[in-house]
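*Asks:* Please find one structure pasted underneath; my questions will follow.
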Amino acid sequence: MLQVDHVSFAYDKTLVLEDINLKVNEGEHVCIIGESGCGKSTLLKIIYGLLQIKTGEVYWNDSQVLGPLYNLVPGESYMKYLSQDFDLMPYTTVYENVSQYLSVLEPEVLAERTNELLEMIEMTDFAQTKVRFLSGGQQQRVALARVLAQEPQVLLLDEPFSHIDNFRKNSMRRNLFAYLRKQNITVLTATHDHNDMLPFANRVIVLRNNRIIAKDSPENLYRNPKDLYIASLFGEANKIPINIVKSYADTKRQIIVYAHEFKVSAKSGLEATVKGSYYMGGHYLVVGTYEGQDVYFNHYEALEEGKEVFLNISIEVINQRMGSV
Ligand SMILES: Nc1ncnc2c1ncn2[C@@H]1O[C@H](COP(=O)(O)OP(=O)(O)OP(=O)(O)O)[C@@H](O)[C@H]1O
């Protein structure tokens, strides 16, 4: 088990992480999600032992991560950290960049393992290409194969798909996370993209203002976000008093409503004035106002600016959200 106990950290005097506590079981995949600058990379660097902490402790099973003051080569050998800088060997081929890190002696096994990893990152056709001729996204894929070649017990992924184009992102995600599960590798992924998380993580940790504000399964976090910040990690969301949508409701409680959960209704619900419509492919995202506040909802066609609409939500959504604030 990976264990982070009461870790706080500051660069100079600026506090970045405060009293972080976290446990990740062997073979589990935990995502750390939060807005840019909230400390995701810093937390991964602490866990890997690249940054020295003065407060708190990090353990992998019985061994403590001691940090750069205690290790000649920073970073623990049983872990690998895929940072946002790829640090590849530019003048050697993709094949060599990966195979060099495999601890296998038999040439046939070495070739088999290397080819398996190149297939996983969909780079077989580039095996003999020198890394300096690759695009940023291709280099990121090679860097991924290179850390996997080292067979870590714990893998720390920092925005692992940030440079990869949308054509490949989804298949890469599926390939990589299926591979990691099969190998029973413990994974922590830092991301601000919910697509890296919802289908693939066992648990999610949400960071905000230096602290962990939520720990839950992706399903629970999505279905019952405890505030608008968490809901907004999944897309446009609103915080709405229930009695504005359902006039018969005898409560002042507010609930989170995702844009896709509103339905434009003929005559009942929240009355909004359309400000603008944005084409999103499968639907339009419409921005409206009610009582001076913006409201976001999806609609199958663009709506004219100034049009008055009623927005309604189902009882099922209300019941599901009664746990959220
Ligand atoms: N070496 C450093 N020295 C001083 N401040 C730093 C350093 N590295 C990061 N910071 C600051 O610490 C905070 C957290 O940075 P960090 O890179 O951990 O955030 P992040 O959540 O990973 O962001 P992103 O999603 O943009 O990568 C930021 O305010 C950043 O400016």
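Chain labels follow the order of the structure tokens: the first chain is A, the next B, and so on; residue numbering restarts at 1 in every chain, and ligands are counted from 1 in their shown order.
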List every residue of stretch 52-301 of chain A that DSSP, applied to the backbone of this structure, assigns to helix (DSSP H, G or I), and report them as number ranges by chain.
*Replies:* A: 94-99, 107-120, 124-126, 131-133, 136-149, 166-182, 194-196, 218-223, 228-232, 242-245, 259-261
*Asks:* Compute the set of protein, DNA and RNA residues whose minimum atom distance to ligand 1 is at most 10 Å, using only C-alpha atoms and all ligand atoms, and state it as a ChimeraX atom specification.
*Replies:* /A:9-17,32-46,51,83-84,158-159,190-193,207-210
*Asks:* Using only C-alpha atoms, can you tell me which of A:Asn298, A:Ser232, A:Asn220, A:Thr251 comes closest to A:Lys263?
*Replies:*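 So, comparing all the options, the nearest one is A:Asn298.
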*Asks:* Using DSSP on the backbone coordinates, identify the residues of stretch 44-277 of chain A assigned to strand (DSSP E or B); present them as a PyMOL selection string.
*Replies:* chain A and resi 55-60+63-64+79-82+93+130+154-158+186-191+203-208+211-216+237-241+254-258+263-265+270-277
*Asks:* Next, write the just-selected residues to a file, as a PDB file, in the first residue's frame, keeping C-alpha atoms as the atom set.
*Replies:*
```
ATOM      1  CA  THR A  55       6.024  17.787   7.471  1.00  0.00           C
ATOM      2  CA  GLY A  56       4.491  14.353   6.978  1.00  0.00           C
ATOM      3  CA  GLU A  57       5.602  10.965   5.704  1.00  0.00           C
ATOM      4  CA  VAL A  58       5.254   8.822   2.582  1.00  0.00           C
ATOM      5  CA  TYR A  59       5.461   5.006   2.650  1.00  0.00           C
ATOM      6  CA  TRP A  60       5.304   2.230   0.097  1.00  0.00           C
ATOM      7  CA  SER A  63       9.724   1.483   3.148  1.00  0.00           C
ATOM      8  CA  GLN A  64       9.673   5.204   3.693  1.00  0.00           C
ATOM      9  CA  MET A  79       8.427   3.695  -8.528  1.00  0.00           C
ATOM     10  CA  LYS A  80       8.487   5.554 -11.823  1.00  0.00           C
ATOM     11  CA  TYR A  81       7.344   9.097 -12.399  1.00  0.00           C
ATOM     12  CA  LEU A  82       6.289  10.138 -15.888  1.00  0.00           C
ATOM     13  CA  THR A  93      15.600   5.203 -32.158  1.00  0.00           C
ATOM     14  CA  LYS A 130      15.132   8.650 -34.149  1.00  0.00           C
ATOM     15  CA  VAL A 154       4.075   2.138  -8.507  1.00  0.00           C
ATOM     16  CA  LEU A 155       3.551   4.423 -11.485  1.00  0.00           C
ATOM     17  CA  LEU A 156       3.009   8.168 -11.118  1.00  0.00           C
ATOM     18  CA  LEU A 157       1.564   9.729 -14.275  1.00  0.00           C
ATOM     19  CA  ASP A 158       1.553  13.499 -14.640  1.00  0.00           C
ATOM     20  CA  THR A 186      -0.416   0.734  -8.571  1.00  0.00           C
ATOM     21  CA  VAL A 187      -1.148   3.987 -10.403  1.00  0.00           C
ATOM     22  CA  LEU A 188      -1.622   7.615  -9.447  1.00  0.00           C
ATOM     23  CA  THR A 189      -2.635   9.856 -12.343  1.00  0.00           C
ATOM     24  CA  ALA A 190      -2.651  13.648 -12.077  1.00  0.00           C
ATOM     25  CA  THR A 191      -5.030  15.225 -14.540  1.00  0.00           C
ATOM     26  CA  ARG A 203     -10.987   6.308  -6.833  1.00  0.00           C
ATOM     27  CA  VAL A 204     -10.580  10.046  -7.259  1.00  0.00           C
ATOM     28  CA  ILE A 205      -9.001  12.694  -5.085  1.00  0.00           C
ATOM     29  CA  VAL A 206      -9.990  16.304  -5.667  1.00  0.00           C
ATOM     30  CA  LEU A 207      -7.461  19.006  -4.752  1.00  0.00           C
ATOM     31  CA  ARG A 208      -8.372  22.613  -4.160  1.00  0.00           C
ATOM     32  CA  ARG A 211      -6.196  20.564   0.417  1.00  0.00           C
ATOM     33  CA  ILE A 212      -8.029  17.398  -0.510  1.00  0.00           C
ATOM     34  CA  ILE A 213     -11.689  18.405  -0.668  1.00  0.00           C
ATOM     35  CA  ALA A 214     -13.154  15.062  -1.813  1.00  0.00           C
ATOM     36  CA  LYS A 215     -12.193  11.389  -2.046  1.00  0.00           C
ATOM     37  CA  ASP A 216     -14.650   9.097  -3.769  1.00  0.00           C
ATOM     38  CA  ALA A 237     -22.851  22.907 -14.233  1.00  0.00           C
ATOM     39  CA  ASN A 238     -25.241  25.120 -12.258  1.00  0.00           C
ATOM     40  CA  LYS A 239     -26.257  25.545  -8.640  1.00  0.00           C
ATOM     41  CA  ILE A 240     -29.989  26.091  -8.539  1.00  0.00           C
ATOM     42  CA  PRO A 241     -32.570  26.441  -5.746  1.00  0.00           C
ATOM     43  CA  GLN A 254     -29.911  24.282  -3.802  1.00  0.00           C
ATOM     44  CA  ILE A 255     -28.749  21.430  -5.978  1.00  0.00           C
ATOM     45  CA  ILE A 256     -26.151  20.984  -8.701  1.00  0.00           C
ATOM     46  CA  VAL A 257     -27.592  20.537 -12.183  1.00  0.00           C
ATOM     47  CA  TYR A 258     -25.386  19.623 -15.155  1.00  0.00           C
ATOM     48  CA  LYS A 263     -34.771  20.176 -20.618  1.00  0.00           C
ATOM     49  CA  VAL A 264     -36.405  23.127 -22.320  1.00  0.00           C
ATOM     50  CA  SER A 265     -40.037  22.932 -21.278  1.00  0.00           C
ATOM     51  CA  LEU A 270     -36.816  28.014 -14.233  1.00  0.00           C
ATOM     52  CA  GLU A 271     -37.490  30.977 -16.497  1.00  0.00           C
ATOM     53  CA  ALA A 272     -34.334  32.108 -18.309  1.00  0.00           C
ATOM     54  CA  THR A 273     -33.427  34.568 -21.045  1.00  0.00           C
ATOM     55  CA  VAL A 274     -31.058  33.264 -23.726  1.00  0.00           C
ATOM     56  CA  LYS A 275     -27.710  35.091 -24.027  1.00  0.00           C
ATOM     57  CA  GLY A 276     -25.996  32.887 -26.614  1.00  0.00           C
ATOM     58  CA  SER A 277     -25.647  29.391 -28.106  1.00  0.00           C
TER      59      SER A 277
END
```
*Asks:* Contacts of A:Gln150 at 12 Å or less, counting only C-alpha atoms, minus same-chain residues fewer than 2 places along, as a ChimeraX atom specification?
*Replies:* /A:77-82,97-104,113-114,117,143-148,152-155,185
*Asks:* Generate the output file for the selected residues, C-alpha atoms, as a compact mmCIF listing (two decimals), in the first residue's frame.
*Replies:*
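Printed below is part.txt as written:
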```
# COMPACT_ATOMS: atom_id res chain seq x y z
CA SER A 77 13.65 2.51 -7.60
CA TYR A 78 10.33 0.65 -7.27
CA MET A 79 8.43 3.70 -8.53
CA LYS A 80 8.49 5.55 -11.82
CA TYR A 81 7.34 9.10 -12.40
CA LEU A 82 6.29 10.14 -15.89
CA ASN A 97 14.73 4.21 -26.17
CA VAL A 98 12.34 1.54 -24.94
CA SER A 99 14.41 -1.67 -25.12
CA GLN A 100 17.35 -0.16 -23.25
CA TYR A 101 15.25 0.04 -20.11
CA LEU A 102 14.06 -3.56 -20.12
CA SER A 103 15.92 -5.79 -17.71
CA VAL A 104 15.85 -8.80 -20.01
CA ARG A 113 8.72 -7.22 -24.83
CA THR A 114 9.85 -4.12 -26.75
CA LEU A 117 5.20 -2.02 -25.56
CA ALA A 143 8.22 8.18 -22.66
CA LEU A 144 5.23 6.18 -21.45
CA ALA A 145 6.59 2.93 -22.93
CA ARG A 146 9.98 3.68 -21.42
CA VAL A 147 8.67 3.94 -17.85
CA LEU A 148 6.64 0.75 -18.36
CA PRO A 152 7.62 -0.25 -11.64
CA GLN A 153 5.44 -1.38 -8.77
CA VAL A 154 4.07 2.14 -8.51
CA LEU A 155 3.55 4.42 -11.49
CA ILE A 185 0.65 -1.84 -11.15
```
*Asks:* For A:Ser135, which of A:Ala249, A:Ala111, A:Ile244, A:Ile164 is the closest residue, counting only C-alpha atoms?
*Replies:* A:Ile164
*Asks:* In Å to one decimal, how far is atom CA of A:His194 from atom CA of A:Leu233?
*Replies:*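 For atom CA of A:Leu233 relative to atom CA of A:His194, the distance reads 6.6 Å.
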*Asks:* Compare A:Ala149, A:Asp87, A:Phe177, A:Glu316 by their minimum atom-to-atom distance to A:Asn115, counting only C-alpha atoms, and give me the closest one.
*Replies:*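 Closest to A:Asn115, using only C-alpha atoms: A:Ala149.
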*Asks:* I need the residue nearest A:Met197 from this list: A:Val245, A:Leu66, A:Ala178, A:Val30. Use only C-alpha atoms for the distance.
*Replies:*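 Looking at the shortest contact to A:Met197, the residue is A:Val30.
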*Asks:* Could you tell me how far atom CA of A:His29 sits from atom CA of A:Lys54, in Å to one decimal place?
*Replies:*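 Separation of atom CA of A:Lys54 and atom CA of A:His29: 27.0 Å.
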*Asks:* Quick check, in Å to one decimal: how far apart do atom CA of A:His299 and atom CA of A:Val317 lie?
*Replies:*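 Computing it gives 17.5 Å between the two atoms.
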